[in-house]
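See below for the structure under consideration.
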Amino acid sequence: MDNFVAIDVETANNHPESICSIGAVKVKDGVIVDTFYELVKPEPEYYFRYFTESIHGIRMSDTENARTFDRVWRDLHHWLEGLPLVAHNKAFDEKCIKVAHKVYGMDYPDYPFYCTLIAARKQLPRQLCPSFSLPYLCEFLGIPFNNHHNALADAEACAKIAMTLL
């Protein structure tokens, strides 16, 4: 795949619609050409679970003046240019995006959605790569990676993995 958008979302708590940040990396002709990152104010006023705060570092105070998912996604939808989406563990990200669309009464355009986690499990022998988590996979593939659970950093890592495996 040479043309796609790698995407990652972080949530405020266990509710999939509680998206509090979105990161995306656009790849065209096998080259990263643009990035998108925005904090999102989850609605209704979701609590931020201490456990999720400790993972991604986003707090309610960080998102209180942010736009809500419906407004962010309208801009992001145009930015996507109809390209297929890719995520590392797409089951999580796709579910969150679909549920948020439903909560906001938005039609979900049924984006083509691919998964680097599934691709890695199919293509890489388990004895060579002890874990298929984003940090381990990046290390195994020689992809520099830091700031895990920052939506943009995760999307960029996913994009680089996708350019390697897909």
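Starting from 1 in every chain, residues are counted up; chains themselves are A, B, ... following the order of the structure tokens, and ligands are numbered from 1 as listed.
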List as a tab-separated table every residue of region 15-132 of chain A that is in contact with region 2-10 of chain A, defined as an atom at most 6 Å from one of its atoms (using only C-alpha atoms), together with the nearest atom pair and the distance in Å rounded to one decimal, sorted by chain and then rising number.
```
residue	atom	partner	partner_atom	distance
A:Ile19	CA	A:Glu10	CA	5.7
A:Cys20	CA	A:Glu10	CA	5.8
A:Ser21	CA	A:Glu10	CA	5.3
A:Ile22	CA	A:Val9	CA	4.6
A:Gly23	CA	A:Asp8	CA	5.3
A:Ala24	CA	A:Ile7	CA	4.3
A:Val25	CA	A:Ala6	CA	5.1
A:Lys26	CA	A:Val5	CA	4.4
A:Val27	CA	A:Asn3	CA	5.3
A:Lys28	CA	A:Asn3	CA	4.4
A:Asp29	CA	A:Asp2	CA	4.8
A:Gly30	CA	A:Asp2	CA	4.3
A:Leu83	CA	A:Phe4	CA	5.0
A:Pro84	CA	A:Phe4	CA	5.0
A:Leu85	CA	A:Val5	CA	4.9
A:Val86	CA	A:Ala6	CA	4.5
A:Ala87	CA	A:Ile7	CA	5.4
```
Every residue of chain A that DSSP places in strand (DSSP E or B), as a PDB file with N, CA, C and O atoms, in the first residue's frame:
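The resulting file, part.pdb, is reproduced below:
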```pdb
ATOM      1  N   PHE A   4      -2.432   5.862   1.942  1.00  0.00           N
ATOM      2  CA  PHE A   4      -3.326   5.557   3.058  1.00  0.00           C
ATOM      3  C   PHE A   4      -3.153   6.605   4.142  1.00  0.00           C
ATOM      4  O   PHE A   4      -2.260   7.457   4.064  1.00  0.00           O
ATOM      5  N   VAL A   5      -3.996   6.515   5.159  1.00  0.00           N
ATOM      6  CA  VAL A   5      -3.848   7.348   6.349  1.00  0.00           C
ATOM      7  C   VAL A   5      -3.772   6.423   7.559  1.00  0.00           C
ATOM      8  O   VAL A   5      -4.691   5.633   7.797  1.00  0.00           O
ATOM      9  N   ALA A   6      -2.670   6.502   8.288  1.00  0.00           N
ATOM     10  CA  ALA A   6      -2.547   5.774   9.553  1.00  0.00           C
ATOM     11  C   ALA A   6      -3.206   6.633  10.618  1.00  0.00           C
ATOM     12  O   ALA A   6      -3.021   7.853  10.651  1.00  0.00           O
ATOM     13  N   ILE A   7      -4.000   6.000  11.470  1.00  0.00           N
ATOM     14  CA  ILE A   7      -4.783   6.754  12.449  1.00  0.00           C
ATOM     15  C   ILE A   7      -4.717   6.086  13.816  1.00  0.00           C
ATOM     16  O   ILE A   7      -4.581   4.866  13.919  1.00  0.00           O
ATOM     17  N   ASP A   8      -4.795   6.921  14.856  1.00  0.00           N
ATOM     18  CA  ASP A   8      -4.808   6.411  16.218  1.00  0.00           C
ATOM     19  C   ASP A   8      -5.674   7.330  17.068  1.00  0.00           C
ATOM     20  O   ASP A   8      -5.663   8.553  16.873  1.00  0.00           O
ATOM     21  N   VAL A   9      -6.430   6.734  17.975  1.00  0.00           N
ATOM     22  CA  VAL A   9      -7.227   7.519  18.919  1.00  0.00           C
ATOM     23  C   VAL A   9      -6.877   7.095  20.338  1.00  0.00           C
ATOM     24  O   VAL A   9      -6.477   5.961  20.575  1.00  0.00           O
ATOM     25  N   GLU A  10      -7.020   8.044  21.248  1.00  0.00           N
ATOM     26  CA  GLU A  10      -6.895   7.772  22.672  1.00  0.00           C
ATOM     27  C   GLU A  10      -8.235   8.106  23.303  1.00  0.00           C
ATOM     28  O   GLU A  10      -8.950   8.990  22.825  1.00  0.00           O
ATOM     29  N   THR A  11      -8.591   7.383  24.363  1.00  0.00           N
ATOM     30  CA  THR A  11      -9.885   7.598  25.016  1.00  0.00           C
ATOM     31  C   THR A  11      -9.698   8.039  26.466  1.00  0.00           C
ATOM     32  O   THR A  11      -8.670   7.751  27.090  1.00  0.00           O
ATOM     33  N   ILE A  19     -13.403   9.485  22.973  1.00  0.00           N
ATOM     34  CA  ILE A  19     -12.167   9.869  22.292  1.00  0.00           C
ATOM     35  C   ILE A  19     -11.714  11.234  22.808  1.00  0.00           C
ATOM     36  O   ILE A  19     -12.476  12.191  22.816  1.00  0.00           O
ATOM     37  N   CYS A  20     -10.432  11.300  23.232  1.00  0.00           N
ATOM     38  CA  CYS A  20      -9.894  12.564  23.741  1.00  0.00           C
ATOM     39  C   CYS A  20      -8.735  13.079  22.892  1.00  0.00           C
ATOM     40  O   CYS A  20      -8.295  14.212  23.090  1.00  0.00           O
ATOM     41  N   SER A  21      -8.250  12.273  21.949  1.00  0.00           N
ATOM     42  CA  SER A  21      -7.261  12.765  20.985  1.00  0.00           C
ATOM     43  C   SER A  21      -7.260  11.871  19.757  1.00  0.00           C
ATOM     44  O   SER A  21      -7.553  10.678  19.839  1.00  0.00           O
ATOM     45  N   ILE A  22      -6.936  12.503  18.635  1.00  0.00           N
ATOM     46  CA  ILE A  22      -6.840  11.796  17.355  1.00  0.00           C
ATOM     47  C   ILE A  22      -5.542  12.225  16.689  1.00  0.00           C
ATOM     48  O   ILE A  22      -5.243  13.407  16.593  1.00  0.00           O
ATOM     49  N   GLY A  23      -4.786  11.231  16.227  1.00  0.00           N
ATOM     50  CA  GLY A  23      -3.586  11.497  15.439  1.00  0.00           C
ATOM     51  C   GLY A  23      -3.706  10.762  14.126  1.00  0.00           C
ATOM     52  O   GLY A  23      -4.234   9.643  14.072  1.00  0.00           O
ATOM     53  N   ALA A  24      -3.244  11.377  13.052  1.00  0.00           N
ATOM     54  CA  ALA A  24      -3.309  10.744  11.734  1.00  0.00           C
ATOM     55  C   ALA A  24      -2.083  11.158  10.917  1.00  0.00           C
ATOM     56  O   ALA A  24      -1.595  12.281  11.040  1.00  0.00           O
ATOM     57  N   VAL A  25      -1.620  10.229  10.092  1.00  0.00           N
ATOM     58  CA  VAL A  25      -0.459  10.453   9.237  1.00  0.00           C
ATOM     59  C   VAL A  25      -0.841  10.040   7.820  1.00  0.00           C
ATOM     60  O   VAL A  25      -1.224   8.893   7.587  1.00  0.00           O
ATOM     61  N   LYS A  26      -0.743  10.983   6.896  1.00  0.00           N
ATOM     62  CA  LYS A  26      -1.113  10.724   5.495  1.00  0.00           C
ATOM     63  C   LYS A  26       0.121  10.279   4.724  1.00  0.00           C
ATOM     64  O   LYS A  26       1.175  10.916   4.774  1.00  0.00           O
ATOM     65  N   VAL A  27      -0.038   9.164   3.990  1.00  0.00           N
ATOM     66  CA  VAL A  27       1.036   8.613   3.171  1.00  0.00           C
ATOM     67  C   VAL A  27       0.564   8.597   1.720  1.00  0.00           C
ATOM     68  O   VAL A  27      -0.514   8.068   1.427  1.00  0.00           O
ATOM     69  N   LYS A  28       1.368   9.185   0.844  1.00  0.00           N
ATOM     70  CA  LYS A  28       1.074   9.169  -0.595  1.00  0.00           C
ATOM     71  C   LYS A  28       2.324   8.737  -1.334  1.00  0.00           C
ATOM     72  O   LYS A  28       3.419   9.223  -1.050  1.00  0.00           O
ATOM     73  N   VAL A  31       5.294   7.868   0.832  1.00  0.00           N
ATOM     74  CA  VAL A  31       6.007   8.908   1.575  1.00  0.00           C
ATOM     75  C   VAL A  31       5.019   9.616   2.511  1.00  0.00           C
ATOM     76  O   VAL A  31       3.896   9.937   2.104  1.00  0.00           O
ATOM     77  N   ILE A  32       5.443   9.870   3.733  1.00  0.00           N
ATOM     78  CA  ILE A  32       4.612  10.650   4.652  1.00  0.00           C
ATOM     79  C   ILE A  32       4.577  12.091   4.147  1.00  0.00           C
ATOM     80  O   ILE A  32       5.625  12.725   3.982  1.00  0.00           O
ATOM     81  N   VAL A  33       3.347  12.583   3.887  1.00  0.00           N
ATOM     82  CA  VAL A  33       3.207  13.917   3.315  1.00  0.00           C
ATOM     83  C   VAL A  33       2.524  14.912   4.246  1.00  0.00           C
ATOM     84  O   VAL A  33       2.622  16.120   4.031  1.00  0.00           O
ATOM     85  N   ASP A  34       1.814  14.433   5.265  1.00  0.00           N
ATOM     86  CA  ASP A  34       1.099  15.355   6.146  1.00  0.00           C
ATOM     87  C   ASP A  34       0.721  14.638   7.437  1.00  0.00           C
ATOM     88  O   ASP A  34       0.643  13.402   7.480  1.00  0.00           O
ATOM     89  N   THR A  35       0.493  15.423   8.476  1.00  0.00           N
ATOM     90  CA  THR A  35       0.049  14.871   9.758  1.00  0.00           C
ATOM     91  C   THR A  35      -1.101  15.699  10.300  1.00  0.00           C
ATOM     92  O   THR A  35      -1.270  16.866   9.932  1.00  0.00           O
ATOM     93  N   PHE A  36      -1.866  15.075  11.186  1.00  0.00           N
ATOM     94  CA  PHE A  36      -3.004  15.729  11.824  1.00  0.00           C
ATOM     95  C   PHE A  36      -3.020  15.279  13.275  1.00  0.00           C
ATOM     96  O   PHE A  36      -2.884  14.090  13.565  1.00  0.00           O
ATOM     97  N   TYR A  37      -3.172  16.225  14.188  1.00  0.00           N
ATOM     98  CA  TYR A  37      -3.319  15.877  15.599  1.00  0.00           C
ATOM     99  C   TYR A  37      -4.240  16.900  16.244  1.00  0.00           C
ATOM    100  O   TYR A  37      -4.103  18.103  16.018  1.00  0.00           O
ATOM    101  N   GLU A  38      -5.159  16.400  17.052  1.00  0.00           N
ATOM    102  CA  GLU A  38      -6.020  17.314  17.784  1.00  0.00           C
ATOM    103  C   GLU A  38      -6.539  16.643  19.048  1.00  0.00           C
ATOM    104  O   GLU A  38      -6.894  15.458  19.029  1.00  0.00           O
ATOM    105  N   LEU A  39      -6.562  17.425  20.121  1.00  0.00           N
ATOM    106  CA  LEU A  39      -7.253  16.984  21.328  1.00  0.00           C
ATOM    107  C   LEU A  39      -8.743  17.104  21.066  1.00  0.00           C
ATOM    108  O   LEU A  39      -9.179  17.967  20.301  1.00  0.00           O
ATOM    109  N   LYS A  41     -12.700  17.065  22.935  1.00  0.00           N
ATOM    110  CA  LYS A  41     -13.480  17.127  24.173  1.00  0.00           C
ATOM    111  C   LYS A  41     -14.534  16.028  24.123  1.00  0.00           C
ATOM    112  O   LYS A  41     -15.480  16.099  23.329  1.00  0.00           O
ATOM    113  N   THR A  68     -15.388  19.161  19.946  1.00  0.00           N
ATOM    114  CA  THR A  68     -15.978  17.833  20.127  1.00  0.00           C
ATOM    115  C   THR A  68     -15.706  16.977  18.888  1.00  0.00           C
ATOM    116  O   THR A  68     -15.342  17.488  17.823  1.00  0.00           O
ATOM    117  N   LEU A  85      -7.879   3.693   5.633  1.00  0.00           N
ATOM    118  CA  LEU A  85      -7.305   3.893   6.963  1.00  0.00           C
ATOM    119  C   LEU A  85      -6.514   2.664   7.390  1.00  0.00           C
ATOM    120  O   LEU A  85      -6.842   1.541   7.006  1.00  0.00           O
ATOM    121  N   VAL A  86      -5.503   2.904   8.201  1.00  0.00           N
ATOM    122  CA  VAL A  86      -4.682   1.835   8.766  1.00  0.00           C
ATOM    123  C   VAL A  86      -4.486   2.156  10.242  1.00  0.00           C
ATOM    124  O   VAL A  86      -4.245   3.311  10.603  1.00  0.00           O
ATOM    125  N   ALA A  87      -4.595   1.154  11.089  1.00  0.00           N
ATOM    126  CA  ALA A  87      -4.333   1.336  12.515  1.00  0.00           C
ATOM    127  C   ALA A  87      -3.601   0.112  13.048  1.00  0.00           C
ATOM    128  O   ALA A  87      -3.669  -0.970  12.461  1.00  0.00           O
ATOM    129  N   PHE A 113     -10.465  -0.233   6.079  1.00  0.00           N
ATOM    130  CA  PHE A 113      -9.650  -0.133   7.289  1.00  0.00           C
ATOM    131  C   PHE A 113      -8.736  -1.351   7.382  1.00  0.00           C
ATOM    132  O   PHE A 113      -9.214  -2.482   7.394  1.00  0.00           O
ATOM    133  N   TYR A 114      -7.441  -1.139   7.453  1.00  0.00           N
ATOM    134  CA  TYR A 114      -6.463  -2.219   7.519  1.00  0.00           C
ATOM    135  C   TYR A 114      -5.742  -2.193   8.862  1.00  0.00           C
ATOM    136  O   TYR A 114      -5.766  -1.192   9.564  1.00  0.00           O
ATOM    137  N   CYS A 115      -5.090  -3.305   9.193  1.00  0.00           N
ATOM    138  CA  CYS A 115      -4.501  -3.449  10.519  1.00  0.00           C
ATOM    139  C   CYS A 115      -3.053  -3.923  10.442  1.00  0.00           C
ATOM    140  O   CYS A 115      -2.781  -5.011   9.919  1.00  0.00           O
TER     141      CYS A 115
END
```
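Residue nearest His15 (chain A) within the list A:Ala100, A:Leu141, A:Ala91, A:Ile55: A:Ala100 [criterion: smallest interatomic distance, only C-alpha atoms].
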Name the closest residue to Lys98 (chain A) among the candidates A:Glu17, A:Val40, A:Gln123, A:Ala153; distances are taken between atoms, counting only C-alpha atoms.
A:Glu17
If you run DSSP on this backbone, which residues of region 24-100 of chain A come out as helix (DSSP H, G or I), and could you give them as a PDB file with N, CA and C atoms, in the first residue's frame?
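Now in result-v2.pdb:
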```
ATOM      1  N   TYR A  50      -8.296   7.616  35.925  1.00  0.00           N
ATOM      2  CA  TYR A  50      -6.900   7.758  36.327  1.00  0.00           C
ATOM      3  C   TYR A  50      -6.010   6.810  35.522  1.00  0.00           C
ATOM      4  N   PHE A  51      -6.481   5.593  35.294  1.00  0.00           N
ATOM      5  CA  PHE A  51      -5.689   4.605  34.555  1.00  0.00           C
ATOM      6  C   PHE A  51      -5.365   5.101  33.152  1.00  0.00           C
ATOM      7  N   THR A  52      -6.357   5.645  32.440  1.00  0.00           N
ATOM      8  CA  THR A  52      -6.094   6.119  31.069  1.00  0.00           C
ATOM      9  C   THR A  52      -5.248   7.393  31.091  1.00  0.00           C
ATOM     10  N   GLU A  53      -5.468   8.250  32.068  1.00  0.00           N
ATOM     11  CA  GLU A  53      -4.621   9.437  32.202  1.00  0.00           C
ATOM     12  C   GLU A  53      -3.163   9.037  32.365  1.00  0.00           C
ATOM     13  N   SER A  54      -2.919   8.007  33.171  1.00  0.00           N
ATOM     14  CA  SER A  54      -1.547   7.582  33.412  1.00  0.00           C
ATOM     15  C   SER A  54      -0.918   6.963  32.167  1.00  0.00           C
ATOM     16  N   ILE A  55      -1.740   6.479  31.241  1.00  0.00           N
ATOM     17  CA  ILE A  55      -1.216   5.896  29.999  1.00  0.00           C
ATOM     18  C   ILE A  55      -0.848   6.984  28.996  1.00  0.00           C
ATOM     19  N   HIS A  56      -1.788   7.886  28.715  1.00  0.00           N
ATOM     20  CA  HIS A  56      -1.530   8.877  27.659  1.00  0.00           C
ATOM     21  C   HIS A  56      -1.266  10.287  28.177  1.00  0.00           C
ATOM     22  N   MET A  60      -8.749  15.928  31.812  1.00  0.00           N
ATOM     23  CA  MET A  60      -9.956  16.672  31.467  1.00  0.00           C
ATOM     24  C   MET A  60      -9.630  18.148  31.206  1.00  0.00           C
ATOM     25  N   SER A  61      -8.755  18.713  32.016  1.00  0.00           N
ATOM     26  CA  SER A  61      -8.402  20.131  31.837  1.00  0.00           C
ATOM     27  C   SER A  61      -7.733  20.384  30.483  1.00  0.00           C
ATOM     28  N   ASP A  62      -7.089  19.374  29.910  1.00  0.00           N
ATOM     29  CA  ASP A  62      -6.450  19.524  28.597  1.00  0.00           C
ATOM     30  C   ASP A  62      -7.478  19.630  27.474  1.00  0.00           C
ATOM     31  N   THR A  63      -8.649  19.056  27.689  1.00  0.00           N
ATOM     32  CA  THR A  63      -9.637  18.990  26.608  1.00  0.00           C
ATOM     33  C   THR A  63     -10.838  19.907  26.815  1.00  0.00           C
ATOM     34  N   PHE A  69     -15.894  15.666  19.038  1.00  0.00           N
ATOM     35  CA  PHE A  69     -15.582  14.715  17.970  1.00  0.00           C
ATOM     36  C   PHE A  69     -16.259  15.079  16.654  1.00  0.00           C
ATOM     37  N   ASP A  70     -17.539  15.440  16.690  1.00  0.00           N
ATOM     38  CA  ASP A  70     -18.251  15.715  15.444  1.00  0.00           C
ATOM     39  C   ASP A  70     -17.586  16.834  14.648  1.00  0.00           C
ATOM     40  N   ARG A  71     -17.135  17.860  15.320  1.00  0.00           N
ATOM     41  CA  ARG A  71     -16.478  18.980  14.621  1.00  0.00           C
ATOM     42  C   ARG A  71     -15.088  18.595  14.121  1.00  0.00           C
ATOM     43  N   VAL A  72     -14.346  17.888  14.955  1.00  0.00           N
ATOM     44  CA  VAL A  72     -13.007  17.453  14.550  1.00  0.00           C
ATOM     45  C   VAL A  72     -13.114  16.513  13.353  1.00  0.00           C
ATOM     46  N   TRP A  73     -14.042  15.552  13.417  1.00  0.00           N
ATOM     47  CA  TRP A  73     -14.121  14.548  12.365  1.00  0.00           C
ATOM     48  C   TRP A  73     -14.567  15.145  11.033  1.00  0.00           C
ATOM     49  N   ARG A  74     -15.412  16.150  11.053  1.00  0.00           N
ATOM     50  CA  ARG A  74     -15.816  16.781   9.776  1.00  0.00           C
ATOM     51  C   ARG A  74     -14.595  17.327   9.045  1.00  0.00           C
ATOM     52  N   ASP A  75     -13.695  17.968   9.762  1.00  0.00           N
ATOM     53  CA  ASP A  75     -12.458  18.449   9.140  1.00  0.00           C
ATOM     54  C   ASP A  75     -11.556  17.286   8.740  1.00  0.00           C
ATOM     55  N   LEU A  76     -11.430  16.323   9.627  1.00  0.00           N
ATOM     56  CA  LEU A  76     -10.561  15.184   9.348  1.00  0.00           C
ATOM     57  C   LEU A  76     -11.070  14.376   8.161  1.00  0.00           C
ATOM     58  N   HIS A  77     -12.372  14.207   8.055  1.00  0.00           N
ATOM     59  CA  HIS A  77     -12.953  13.454   6.933  1.00  0.00           C
ATOM     60  C   HIS A  77     -12.509  14.044   5.591  1.00  0.00           C
ATOM     61  N   HIS A  78     -12.524  15.353   5.468  1.00  0.00           N
ATOM     62  CA  HIS A  78     -12.070  15.999   4.224  1.00  0.00           C
ATOM     63  C   HIS A  78     -10.562  15.823   4.037  1.00  0.00           C
ATOM     64  N   TRP A  79      -9.822  15.913   5.134  1.00  0.00           N
ATOM     65  CA  TRP A  79      -8.370  15.759   5.100  1.00  0.00           C
ATOM     66  C   TRP A  79      -7.972  14.358   4.638  1.00  0.00           C
ATOM     67  N   LEU A  80      -8.814  13.361   4.935  1.00  0.00           N
ATOM     68  CA  LEU A  80      -8.514  11.971   4.571  1.00  0.00           C
ATOM     69  C   LEU A  80      -8.483  11.749   3.065  1.00  0.00           C
ATOM     70  N   LYS A  90      -6.611  -2.300  14.722  1.00  0.00           N
ATOM     71  CA  LYS A  90      -7.745  -1.567  14.155  1.00  0.00           C
ATOM     72  C   LYS A  90      -9.048  -1.872  14.880  1.00  0.00           C
ATOM     73  N   ALA A  91      -9.148  -3.025  15.519  1.00  0.00           N
ATOM     74  CA  ALA A  91     -10.380  -3.371  16.232  1.00  0.00           C
ATOM     75  C   ALA A  91     -10.719  -2.293  17.256  1.00  0.00           C
ATOM     76  N   PHE A  92      -9.715  -1.767  17.936  1.00  0.00           N
ATOM     77  CA  PHE A  92      -9.945  -0.711  18.929  1.00  0.00           C
ATOM     78  C   PHE A  92     -10.278   0.616  18.260  1.00  0.00           C
ATOM     79  N   ASP A  93      -9.407   1.081  17.372  1.00  0.00           N
ATOM     80  CA  ASP A  93      -9.586   2.410  16.777  1.00  0.00           C
ATOM     81  C   ASP A  93     -10.847   2.487  15.928  1.00  0.00           C
ATOM     82  N   GLU A  94     -11.098   1.475  15.123  1.00  0.00           N
ATOM     83  CA  GLU A  94     -12.294   1.478  14.280  1.00  0.00           C
ATOM     84  C   GLU A  94     -13.564   1.468  15.131  1.00  0.00           C
ATOM     85  N   LYS A  95     -13.557   0.669  16.195  1.00  0.00           N
ATOM     86  CA  LYS A  95     -14.725   0.627  17.087  1.00  0.00           C
ATOM     87  C   LYS A  95     -14.975   2.000  17.705  1.00  0.00           C
ATOM     88  N   CYS A  96     -13.932   2.635  18.206  1.00  0.00           N
ATOM     89  CA  CYS A  96     -14.086   3.957  18.827  1.00  0.00           C
ATOM     90  C   CYS A  96     -14.654   4.961  17.829  1.00  0.00           C
ATOM     91  N   ILE A  97     -14.120   4.975  16.639  1.00  0.00           N
ATOM     92  CA  ILE A  97     -14.562   5.932  15.615  1.00  0.00           C
ATOM     93  C   ILE A  97     -16.010   5.655  15.212  1.00  0.00           C
ATOM     94  N   LYS A  98     -16.352   4.382  15.030  1.00  0.00           N
ATOM     95  CA  LYS A  98     -17.733   4.029  14.655  1.00  0.00           C
ATOM     96  C   LYS A  98     -18.724   4.404  15.762  1.00  0.00           C
ATOM     97  N   VAL A  99     -18.386   4.076  17.005  1.00  0.00           N
ATOM     98  CA  VAL A  99     -19.289   4.373  18.119  1.00  0.00           C
ATOM     99  C   VAL A  99     -19.437   5.887  18.290  1.00  0.00           C
ATOM    100  N   ALA A 100     -18.353   6.633  18.142  1.00  0.00           N
ATOM    101  CA  ALA A 100     -18.440   8.092  18.249  1.00  0.00           C
ATOM    102  C   ALA A 100     -19.329   8.661  17.140  1.00  0.00           C
TER     103      ALA A 100
END
```
Give me, as a list in words, all polymer residues having an atom no more than 10 Å from Ile161 (chain A), counting only C-alpha atoms and skipping those fewer than 4 positions away in the same chain.
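Result of the neighbour search: Ala6, Ala87, His88, Thr116, Leu117, Ala119, Ala120, Leu134, Leu137, Cys138, Leu141, Gly142, Ile143, Ala155, Glu156, Ala157, Leu165 and Leu166 of chain A.
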Selected residues, all heavy atoms, written as a compact mmCIF listing (two decimals), in the first residue's frame, please.
```txt
# COMPACT_ATOMS: atom_id res chain seq x y z
N ALA A 6 -2.67 6.50 8.29
CA ALA A 6 -2.55 5.77 9.55
C ALA A 6 -3.21 6.63 10.62
O ALA A 6 -3.02 7.85 10.65
CB ALA A 6 -1.08 5.53 9.88
N ALA A 87 -4.60 1.15 11.09
CA ALA A 87 -4.33 1.34 12.52
C ALA A 87 -3.60 0.11 13.05
O ALA A 87 -3.67 -0.97 12.46
CB ALA A 87 -5.64 1.54 13.28
N HIS A 88 -2.90 0.30 14.14
CA HIS A 88 -2.29 -0.83 14.82
C HIS A 88 -3.30 -1.28 15.87
O HIS A 88 -3.57 -0.54 16.82
CB HIS A 88 -0.96 -0.44 15.47
CG HIS A 88 -0.16 -1.61 15.89
ND1 HIS A 88 0.48 -2.41 14.96
CD2 HIS A 88 0.08 -2.15 17.10
CE1 HIS A 88 1.10 -3.39 15.60
NE2 HIS A 88 0.87 -3.26 16.90
N THR A 116 -2.14 -3.13 11.00
CA THR A 116 -0.74 -3.53 11.02
C THR A 116 -0.48 -4.63 12.06
O THR A 116 0.45 -5.41 11.90
CB THR A 116 0.18 -2.33 11.30
OG1 THR A 116 -0.23 -1.67 12.49
CG2 THR A 116 0.17 -1.35 10.13
N LEU A 117 -1.30 -4.70 13.10
CA LEU A 117 -1.15 -5.77 14.09
C LEU A 117 -1.44 -7.12 13.45
O LEU A 117 -0.66 -8.08 13.60
CB LEU A 117 -2.06 -5.53 15.28
CG LEU A 117 -2.08 -6.61 16.37
CD1 LEU A 117 -0.69 -6.80 16.98
CD2 LEU A 117 -3.09 -6.27 17.44
N ALA A 119 -1.33 -7.81 10.24
CA ALA A 119 -0.28 -8.05 9.24
C ALA A 119 0.99 -8.57 9.90
O ALA A 119 1.61 -9.52 9.40
CB ALA A 119 0.00 -6.78 8.45
N ALA A 120 1.37 -7.98 11.03
CA ALA A 120 2.59 -8.42 11.73
C ALA A 120 2.45 -9.86 12.22
O ALA A 120 3.37 -10.66 12.09
CB ALA A 120 2.89 -7.49 12.89
N LEU A 134 3.16 -2.04 19.62
CA LEU A 134 3.80 -0.99 18.82
C LEU A 134 5.28 -0.79 19.17
O LEU A 134 6.13 -0.79 18.27
CB LEU A 134 3.00 0.30 18.99
CG LEU A 134 2.86 1.24 17.81
CD1 LEU A 134 2.55 0.57 16.50
CD2 LEU A 134 1.80 2.28 18.12
N LEU A 137 7.36 -3.96 18.10
CA LEU A 137 7.36 -4.12 16.65
C LEU A 137 8.26 -3.07 15.99
O LEU A 137 9.03 -3.39 15.08
CB LEU A 137 5.93 -4.04 16.11
CG LEU A 137 5.71 -4.47 14.68
CD1 LEU A 137 6.26 -5.87 14.41
CD2 LEU A 137 4.22 -4.43 14.36
N CYS A 138 8.18 -1.84 16.46
CA CYS A 138 9.06 -0.80 15.93
C CYS A 138 10.52 -1.15 16.18
O CYS A 138 11.37 -1.01 15.28
CB CYS A 138 8.73 0.55 16.54
SG CYS A 138 7.24 1.29 15.86
N LEU A 141 11.60 -3.88 13.80
CA LEU A 141 11.72 -3.43 12.41
C LEU A 141 12.72 -2.29 12.23
O LEU A 141 12.92 -1.80 11.12
CB LEU A 141 10.34 -3.00 11.89
CG LEU A 141 9.29 -4.11 11.79
CD1 LEU A 141 7.93 -3.53 11.43
CD2 LEU A 141 9.71 -5.17 10.78
N GLY A 142 13.33 -1.83 13.34
CA GLY A 142 14.32 -0.75 13.26
C GLY A 142 13.69 0.61 13.02
O GLY A 142 14.32 1.50 12.44
N ILE A 143 12.47 0.79 13.50
CA ILE A 143 11.76 2.07 13.35
C ILE A 143 11.91 2.86 14.65
O ILE A 143 11.48 2.39 15.70
CB ILE A 143 10.27 1.82 13.03
CG1 ILE A 143 10.12 1.09 11.70
CG2 ILE A 143 9.48 3.12 13.06
CD1 ILE A 143 8.71 0.57 11.42
N ALA A 155 0.35 6.97 15.48
CA ALA A 155 -0.07 6.95 14.07
C ALA A 155 1.15 6.96 13.16
O ALA A 155 1.18 6.26 12.13
CB ALA A 155 -0.98 8.13 13.77
N GLU A 156 2.17 7.72 13.52
CA GLU A 156 3.38 7.76 12.70
C GLU A 156 4.09 6.40 12.72
O GLU A 156 4.55 5.92 11.69
CB GLU A 156 4.33 8.85 13.18
CG GLU A 156 5.55 8.98 12.29
CD GLU A 156 6.48 10.12 12.70
OE1 GLU A 156 6.13 10.91 13.60
OE2 GLU A 156 7.56 10.21 12.09
N ALA A 157 4.18 5.79 13.89
CA ALA A 157 4.78 4.46 13.97
C ALA A 157 3.99 3.46 13.14
O ALA A 157 4.56 2.65 12.40
CB ALA A 157 4.85 4.01 15.43
N LEU A 165 5.19 -3.50 6.07
CA LEU A 165 4.49 -4.78 6.03
C LEU A 165 3.35 -4.86 5.01
O LEU A 165 2.98 -5.95 4.59
CB LEU A 165 3.92 -5.11 7.42
CG LEU A 165 4.94 -5.30 8.53
CD1 LEU A 165 4.21 -5.64 9.83
CD2 LEU A 165 5.94 -6.39 8.19
N LEU A 166 2.73 -3.73 4.68
CA LEU A 166 1.59 -3.79 3.77
C LEU A 166 2.05 -3.45 2.36
O LEU A 166 1.40 -3.01 1.53
CB LEU A 166 0.48 -2.84 4.24
CG LEU A 166 -0.09 -3.11 5.63
CD1 LEU A 166 -1.16 -2.08 5.98
CD2 LEU A 166 -0.69 -4.51 5.72
```
